[in-house]
file data-v2.txt (compact mmCIF, C-alpha atoms and all ligand atoms)
# COMPACT_ATOMS: atom_id res chain seq x y z
CA MET A 1489 0.00 0.00 0.00
CA ARG A 1490 1.38 3.42 -0.96
CA SER A 1491 1.75 5.94 1.86
CA THR A 1492 -0.34 9.10 1.84
CA TRP A 1493 1.62 12.30 2.43
CA ILE A 1494 0.11 15.65 3.35
CA LEU A 1495 2.86 18.27 3.36
CA GLY A 1496 2.79 22.00 3.95
CA ASN A 1497 5.29 24.32 2.25
CA TRP A 1498 5.37 27.63 4.10
CA LYS A 1499 7.75 29.27 1.60
CA GLN A 1500 9.08 32.63 2.88
CA ASN A 1501 6.28 33.02 5.44
CA HIS A 1502 5.82 32.77 9.22
CA LEU A 1503 8.31 34.25 11.66
CA ARG A 1504 9.21 31.96 14.52
CA GLY A 1505 6.35 33.03 16.80
CA GLU A 1506 3.79 32.31 14.11
CA ALA A 1507 5.57 29.08 13.18
CA THR A 1508 5.37 27.89 16.80
CA LYS A 1509 1.72 28.83 17.11
CA THR A 1510 0.70 27.23 13.82
CA SER A 1511 2.65 24.02 14.25
CA SER A 1512 1.49 23.48 17.83
CA GLU A 1513 -2.10 23.95 16.68
CA ILE A 1514 -1.51 21.43 13.88
CA ALA A 1515 0.08 18.97 16.32
CA ARG A 1516 -2.83 19.31 18.73
CA GLY A 1517 -5.39 18.52 16.02
CA LEU A 1518 -3.43 15.89 14.15
CA ASP A 1519 -4.49 12.70 15.94
CA GLU A 1520 -8.15 13.54 15.53
CA ALA A 1521 -7.76 14.70 11.91
CA ARG A 1522 -6.02 11.57 10.70
CA ALA A 1523 -7.69 9.08 13.04
CA GLY A 1524 -7.96 5.61 11.55
CA ALA A 1525 -5.80 6.27 8.49
CA ALA A 1526 -2.73 4.03 8.21
CA ASN A 1527 0.53 4.85 6.37
CA PHE A 1528 -0.32 8.51 6.57
CA GLU A 1529 2.49 11.06 6.90
CA VAL A 1530 2.00 14.73 7.75
CA GLY A 1531 4.78 17.29 7.61
CA ILE A 1532 5.71 20.95 7.35
CA ALA A 1533 8.53 22.69 5.49
CA PRO A 1534 9.11 26.00 7.30
CA SER A 1535 11.91 28.47 6.67
CA PHE A 1536 15.35 27.28 7.75
CA LEU A 1537 15.21 29.65 10.71
CA ALA A 1538 11.90 28.26 11.95
CA LEU A 1539 12.96 24.59 11.80
CA ASP A 1540 13.76 24.50 15.51
CA SER A 1541 10.46 26.18 16.40
CA VAL A 1542 8.44 23.69 14.37
CA ARG A 1543 10.42 20.77 15.73
CA ALA A 1544 9.77 21.88 19.31
CA ALA A 1545 6.12 22.80 18.86
CA GLY A 1546 5.14 20.14 16.33
CA GLY A 1547 6.55 17.20 18.29
CA PRO A 1548 7.45 13.78 16.96
CA ASN A 1549 4.27 13.22 14.92
CA LEU A 1550 4.82 16.15 12.59
CA LEU A 1551 7.54 15.47 10.03
CA LEU A 1552 10.05 18.27 9.61
CA LEU A 1553 11.04 19.13 6.03
CA SER A 1554 13.23 21.73 4.42
CA GLN A 1555 12.26 23.68 1.33
CA ASP A 1556 15.65 23.29 -0.32
CA VAL A 1557 19.13 21.88 0.25
CA ALA A 1558 22.64 22.77 -0.89
CA ALA A 1559 24.04 20.84 -3.84
CA GLN A 1560 27.38 20.56 -2.01
CA GLU A 1561 28.20 18.58 1.10
CA SER A 1562 30.02 21.39 2.95
CA GLY A 1563 32.65 24.05 2.41
CA ALA A 1564 33.04 27.60 1.09
CA PHE A 1565 29.47 28.08 -0.20
CA THR A 1566 28.19 31.31 1.33
CA GLY A 1567 24.51 31.28 2.10
CA GLU A 1568 23.96 27.56 1.60
CA VAL A 1569 22.53 25.01 4.04
CA GLY A 1570 23.72 21.42 3.62
CA SER A 1571 21.97 18.12 4.17
CA GLU A 1572 24.03 17.22 7.23
CA MET A 1573 23.07 20.52 8.86
CA LEU A 1574 19.44 19.81 8.09
CA ARG A 1575 19.64 16.31 9.53
CA GLU A 1576 21.16 17.77 12.68
CA ALA A 1577 18.20 20.15 12.91
CA GLY A 1578 15.78 17.21 12.82
CA VAL A 1579 14.83 17.40 9.15
CA SER A 1580 13.92 14.07 7.56
CA ALA A 1581 13.09 15.14 4.00
CA THR A 1582 13.61 18.08 1.69
CA LEU A 1583 11.83 19.53 -1.30
CA VAL A 1584 14.03 19.61 -4.39
CA GLY A 1585 13.18 21.31 -7.67
CA HIS A 1586 10.23 23.39 -6.50
CA SER A 1587 9.05 25.47 -9.45
CA GLU A 1588 9.87 28.71 -7.62
CA ARG A 1589 13.48 27.52 -7.26
CA ARG A 1590 13.54 26.53 -10.92
CA ALA A 1591 11.94 29.72 -12.26
CA LYS A 1592 13.18 32.42 -9.86
CA PHE A 1593 16.56 31.13 -8.68
CA GLY A 1594 17.84 29.37 -11.75
CA ASP A 1595 17.75 25.78 -10.50
CA GLY A 1596 18.10 23.93 -13.80
CA HIS A 1597 18.22 20.20 -14.44
CA ASP A 1598 21.86 19.85 -13.34
CA GLN A 1599 21.34 21.78 -10.15
CA VAL A 1600 18.22 19.80 -9.27
CA ARG A 1601 20.08 16.54 -9.86
CA ALA A 1602 23.02 17.71 -7.71
CA LYS A 1603 20.74 18.80 -4.87
CA LEU A 1604 18.88 15.52 -5.00
CA GLN A 1605 22.14 13.59 -4.83
CA ALA A 1606 23.42 15.73 -1.94
CA ALA A 1607 20.18 15.18 -0.04
CA LEU A 1608 20.33 11.40 -0.48
CA ALA A 1609 24.01 11.32 0.48
CA GLY A 1610 23.15 13.19 3.68
CA GLY A 1611 20.39 10.75 4.58
CA LEU A 1612 17.40 12.89 3.67
CA LYS A 1613 14.36 11.74 1.76
CA VAL A 1614 13.50 13.87 -1.27
CA ILE A 1615 10.19 15.29 -2.40
CA LEU A 1616 11.07 15.83 -6.06
CA CYS A 1617 8.87 18.58 -7.50
CA VAL A 1618 8.02 18.59 -11.19
CA GLY A 1619 5.47 20.47 -13.26
CA GLU A 1620 4.87 22.21 -16.53
CA GLN A 1621 4.35 25.90 -17.30
CA LEU A 1622 1.07 27.09 -18.80
CA GLU A 1623 2.69 27.45 -22.25
CA ASP A 1624 3.78 23.81 -22.12
CA ARG A 1625 0.24 22.67 -21.44
CA GLN A 1626 -1.21 24.95 -24.10
CA ALA A 1627 1.24 23.44 -26.58
CA GLY A 1628 0.33 19.91 -25.43
CA ASN A 1629 3.88 19.27 -24.18
CA GLN A 1630 3.11 18.81 -20.50
CA LYS A 1631 3.98 15.13 -20.28
CA SER A 1632 7.30 15.40 -22.07
CA VAL A 1633 8.30 18.40 -19.91
CA VAL A 1634 7.51 16.52 -16.71
CA ILE A 1635 9.17 13.28 -17.80
CA THR A 1636 12.30 15.20 -18.80
CA GLN A 1637 12.40 16.83 -15.36
CA LEU A 1638 12.01 13.43 -13.72
CA SER A 1639 14.50 11.55 -15.83
CA SER A 1640 17.20 14.20 -15.57
CA ALA A 1641 16.84 14.47 -11.78
CA LEU A 1642 16.81 10.72 -11.18
CA VAL A 1643 19.42 9.62 -13.70
CA ASP A 1644 21.97 8.45 -11.11
CA VAL A 1645 19.51 7.12 -8.55
CA THR A 1646 19.32 3.37 -7.88
CA PRO A 1647 16.03 1.43 -7.56
CA GLU A 1648 16.84 0.92 -3.86
CA GLN A 1649 17.20 4.67 -3.34
CA ILE A 1650 14.02 5.32 -5.28
CA LYS A 1651 12.14 2.91 -3.08
CA ALA A 1652 13.53 4.13 0.23
CA SER A 1653 13.82 7.85 -0.33
CA ILE A 1654 11.92 9.38 -3.25
CA VAL A 1655 8.44 10.90 -3.34
CA VAL A 1656 7.32 12.81 -6.43
CA ALA A 1657 5.20 15.97 -6.26
CA TYR A 1658 3.45 17.01 -9.47
CA GLU A 1659 2.78 20.74 -9.32
CA PRO A 1660 1.60 22.37 -12.54
CA VAL A 1661 3.12 25.86 -12.39
CA TRP A 1662 -0.09 27.49 -13.63
CA ALA A 1663 -1.90 26.14 -10.54
CA ILE A 1664 0.60 27.27 -7.88
CA GLY A 1665 -0.65 30.18 -5.82
CA THR A 1666 -3.17 31.10 -8.52
CA GLY A 1667 -6.35 29.57 -7.10
CA GLU A 1668 -6.65 27.68 -10.38
CA VAL A 1669 -6.46 24.04 -9.35
CA ALA A 1670 -5.92 21.21 -11.83
CA THR A 1671 -9.05 19.12 -12.26
CA PRO A 1672 -8.88 15.65 -10.70
CA ASP A 1673 -8.79 14.26 -14.27
CA GLN A 1674 -5.89 16.49 -15.33
CA ALA A 1675 -3.91 15.64 -12.20
CA SER A 1676 -4.75 11.97 -12.36
CA GLU A 1677 -3.71 11.70 -16.00
CA MET A 1678 -0.30 13.19 -15.26
CA HIS A 1679 0.15 11.07 -12.14
CA GLY A 1680 -0.61 8.00 -14.23
CA ALA A 1681 2.04 9.03 -16.77
CA ILE A 1682 4.58 9.62 -13.98
CA ARG A 1683 3.80 6.24 -12.42
CA ALA A 1684 4.13 4.50 -15.78
CA TRP A 1685 7.52 6.14 -16.37
CA LEU A 1686 8.71 5.22 -12.87
CA GLY A 1687 7.58 1.63 -13.42
CA ASP A 1688 9.29 1.37 -16.82
CA SER A 1689 12.50 2.81 -15.36
CA TYR A 1690 12.68 1.13 -11.96
CA GLY A 1691 10.14 -1.70 -11.93
CA GLU A 1692 8.13 -2.09 -8.75
CA ALA A 1693 10.53 0.13 -6.84
CA GLY A 1694 9.37 2.94 -9.12
CA SER A 1695 5.71 2.17 -9.68
CA GLY A 1696 5.09 1.89 -5.93
CA ARG A 1697 6.19 5.45 -5.15
CA SER A 1698 3.84 8.03 -3.70
CA ILE A 1699 2.96 10.82 -6.12
CA LEU A 1700 1.59 14.01 -4.55
CA TYR A 1701 -0.35 16.78 -6.22
CA GLY A 1702 0.34 20.46 -5.51
CA GLY A 1703 -1.18 23.69 -6.78
CA SER A 1704 -4.03 25.55 -5.04
CA VAL A 1705 -5.08 22.59 -2.88
CA LYS A 1706 -7.71 23.83 -0.42
CA PRO A 1707 -10.14 22.20 2.04
CA ALA A 1708 -12.87 22.62 -0.59
CA ASN A 1709 -11.13 20.67 -3.37
CA ALA A 1710 -9.07 18.16 -1.35
CA SER A 1711 -11.67 15.37 -1.24
CA ASP A 1712 -12.22 15.31 -5.00
CA LEU A 1713 -8.49 15.32 -5.71
CA ILE A 1714 -7.54 12.63 -3.19
CA ASP A 1715 -10.21 10.32 -4.59
CA ALA A 1716 -8.71 10.49 -8.09
CA PRO A 1717 -6.58 7.52 -9.20
CA ASN A 1718 -2.86 7.76 -8.54
CA ILE A 1719 -3.03 10.80 -6.24
CA ASP A 1720 -1.28 9.85 -3.00
CA GLY A 1721 -1.38 13.14 -1.13
CA PHE A 1722 -0.68 16.84 -1.40
CA LEU A 1723 2.01 19.50 -1.26
CA ILE A 1724 0.21 22.58 0.01
CA GLY A 1725 1.41 26.19 -0.04
CA GLY A 1726 -1.08 28.93 0.89
CA ALA A 1727 -3.61 26.69 2.63
CA SER A 1728 -0.94 25.24 4.93
CA LEU A 1729 -0.20 28.60 6.56
CA ASP A 1730 -3.34 28.35 8.63
CA ALA A 1731 -3.51 25.37 11.02
CA GLN A 1732 -7.24 24.81 10.69
CA SER A 1733 -7.26 24.87 6.90
CA PHE A 1734 -4.25 22.51 6.82
CA LEU A 1735 -5.99 20.18 9.30
CA ALA A 1736 -9.16 20.27 7.20
CA ILE A 1737 -7.15 18.96 4.24
CA VAL A 1738 -5.56 16.27 6.44
CA ARG A 1739 -9.04 15.27 7.60
CA ALA A 1740 -10.42 15.10 4.05
CA ALA A 1741 -7.56 12.90 2.92
CA ALA A 1742 -7.73 10.64 5.98
CA GLN A 1743 -11.46 10.13 5.52
CA ALA A 1744 -10.96 9.19 1.87
CA ARG A 1745 -8.34 6.64 2.87
CA GLN A 1746 -10.80 4.93 5.20
CA ALA A 1747 -13.64 4.77 2.74
P1 LIG B 1801 -0.16 26.69 -3.38
O1 LIG B 1801 1.38 26.29 -3.47
O2 LIG B 1801 -0.85 25.60 -2.59
O3 LIG B 1801 -0.18 28.00 -2.65
O4 LIG B 1801 -0.68 26.77 -4.77
C1 LIG B 1801 1.77 24.96 -3.71
C2 LIG B 1801 3.28 24.83 -3.72
O5 LIG B 1801 3.96 25.73 -4.21
O6 LIG B 1801 3.84 23.83 -3.23

call {"tool": "encode", "arguments": {"input": "data-v2.txt", "output": "structure tokens", "more": "lines below"}}
Ligand code: PGA
result
Amino acid sequence: MRSTWILGNWKQNHLRGEATKTSSEIARGLDEARAGAANFEVGIAPSFLALDSVRAAGGPNLLLLSQDVAAQESGAFTGEVGSEMLREAGVSATLVGHSERRAKFGDGHDQVRAKLQAALAGGLKVILCVGEQLEDRQAGNQKSVVITQLSSALVDVTPEQIKASIVVAYEPVWAIGTGEVATPDQASEMHGAIRAWLGDSYGEAGSGRSILYGGSVKPANASDLIDAPNIDGFLIGGASLDAQSFLAIVRAAAQARQA
């Protein structure tokens, strides 16, 4: 059975006080919200500076993620935060290749691959983010764009590493922060293509991976999306900043998993 993952990405939001308040409220409501759902992971990726706050307030049931990781192990790389530092701070997984990193900070295929490798070498799991731009979809190229992102990031990864440490997040760029969510059919179709590619490339180690959807996930659309084939959870930006809206999404997903 594939695990369900509900992950919040706070981006450059929430100072430490707000991070403490929000994550303690999430932690308090978590048992009730996901009651009865097995293989069900819930986590938050705060800013680097709020990792300690979320770790302390969120407790052991809330996974701690980072939003990015350095491509290098350690050394003279001003401004970077490496995987070993993140592990020391209690982080268990990192996003890699978020579309904002790709579009606004120049993370290209090589950089994404290097960050993914550095994360794995440091013992972190990776939430590998992929997704097409609006122009790609309008031109009908969305699948080839996404498969190219996947294949270039995972080229040096073994089936064992895929199985133990990789989760894929499909986030169409046109749906991120826009309020324009992909339909369950659109998301499901892409998730199916991703799963087929993972299966062709890595056998069962690949086809058994969790594939999350991201892009304007809200309490109101979470149930329809989680019910769609091949959607194994969510990566949530805006709606994760508020504890109650994040918990409402957790609840919707947990209820679907019991049905
Ligand atoms: P959004 O962001 O939920 O605000 O659209 C999703 C993401 O960037 O991961």

call {"tool": "residues_near_ligand", "arguments": {"input": "data-v2.txt", "ligand": "ligand LIG 1801 (chain B)", "cutoff": "9 Å", "atoms": "only C-alpha atoms and all ligand atoms", "output": "PyMOL selection string"}}
result
chain A and resi 1495-1499+1586-1588+1617+1657+1659+1661-1669+1701-1706+1722-1728

call {"tool": "residues_around", "arguments": {"input": "data-v2.txt", "residues": "region 1709-1713 of chain A", "least_positions_apart": "4", "cutoff": "9 Å", "atoms": "only C-alpha atoms", "output": "VMD selection string"}}
result
chain A and resid 1669 to 1673 1675 to 1676 1701 1704 to 1705 1717 1719 1721 to 1722 1736 to 1738 1740 to 1741 1743 to 1744

call {"tool": "residues_around", "arguments": {"input": "data-v2.txt", "residues": "region 1540-1552 of chain A", "least_positions_apart": "6", "cutoff": "9 Å", "atoms": "all atoms listed in the file", "output": "list in words"}}
result
Leu1495, Arg1504, Gly1505, Ala1507, Thr1508, Lys1509, Thr1510, Ser1511, Ser1512, Glu1513, Ile1514, Ala1515, Arg1516, Leu1518, Asp1519, Glu1529, Val1530, Gly1531, Ile1532, Ala1533, Pro1534, Ala1577, Gly1578, Val1579, Ser1580, Ala1581 and Thr1582 of chain A

call {"tool": "residues_around", "arguments": {"input": "data-v2.txt", "residues": "Ser1689 (chain A)", "least_positions_apart": "6", "cutoff": "9 Å", "atoms": "all atoms listed in the file", "output": "number ranges by chain"}}
result
A: 1639, 1647, 1695

call {"tool": "write_last_selection", "arguments": {"input": "data-v2.txt", "atoms": "C-alpha atoms", "output": "short mmCIF file (atom, residue, chain, number, x, y, z; two decimals), keeping the file's coordinate frame"}}
result
data_model
loop_
_atom_site.label_atom_id
_atom_site.label_comp_id
_atom_site.auth_asym_id
_atom_site.auth_seq_id
_atom_site.Cartn_x
_atom_site.Cartn_y
_atom_site.Cartn_z
CA SER A 1639 14.50 11.55 -15.83
CA PRO A 1647 16.03 1.43 -7.56
CA SER A 1695 5.71 2.17 -9.68
#

call {"tool": "closest_residue", "arguments": {"input": "data-v2.txt", "among": "A:Ser1653, A:Asn1501, A:Gln1626, A:Ser1698", "to": "Leu1604 (chain A)", "atoms": "all atoms listed in the file"}}
result
A:Ser1653

call {"tool": "closest_residue", "arguments": {"input": "data-v2.txt", "among": "A:Gln1630, A:Gln1746, A:Ser1562, A:Ser1535", "to": "Glu1677 (chain A)", "atoms": "all atoms listed in the file"}}
result
A:Gln1630
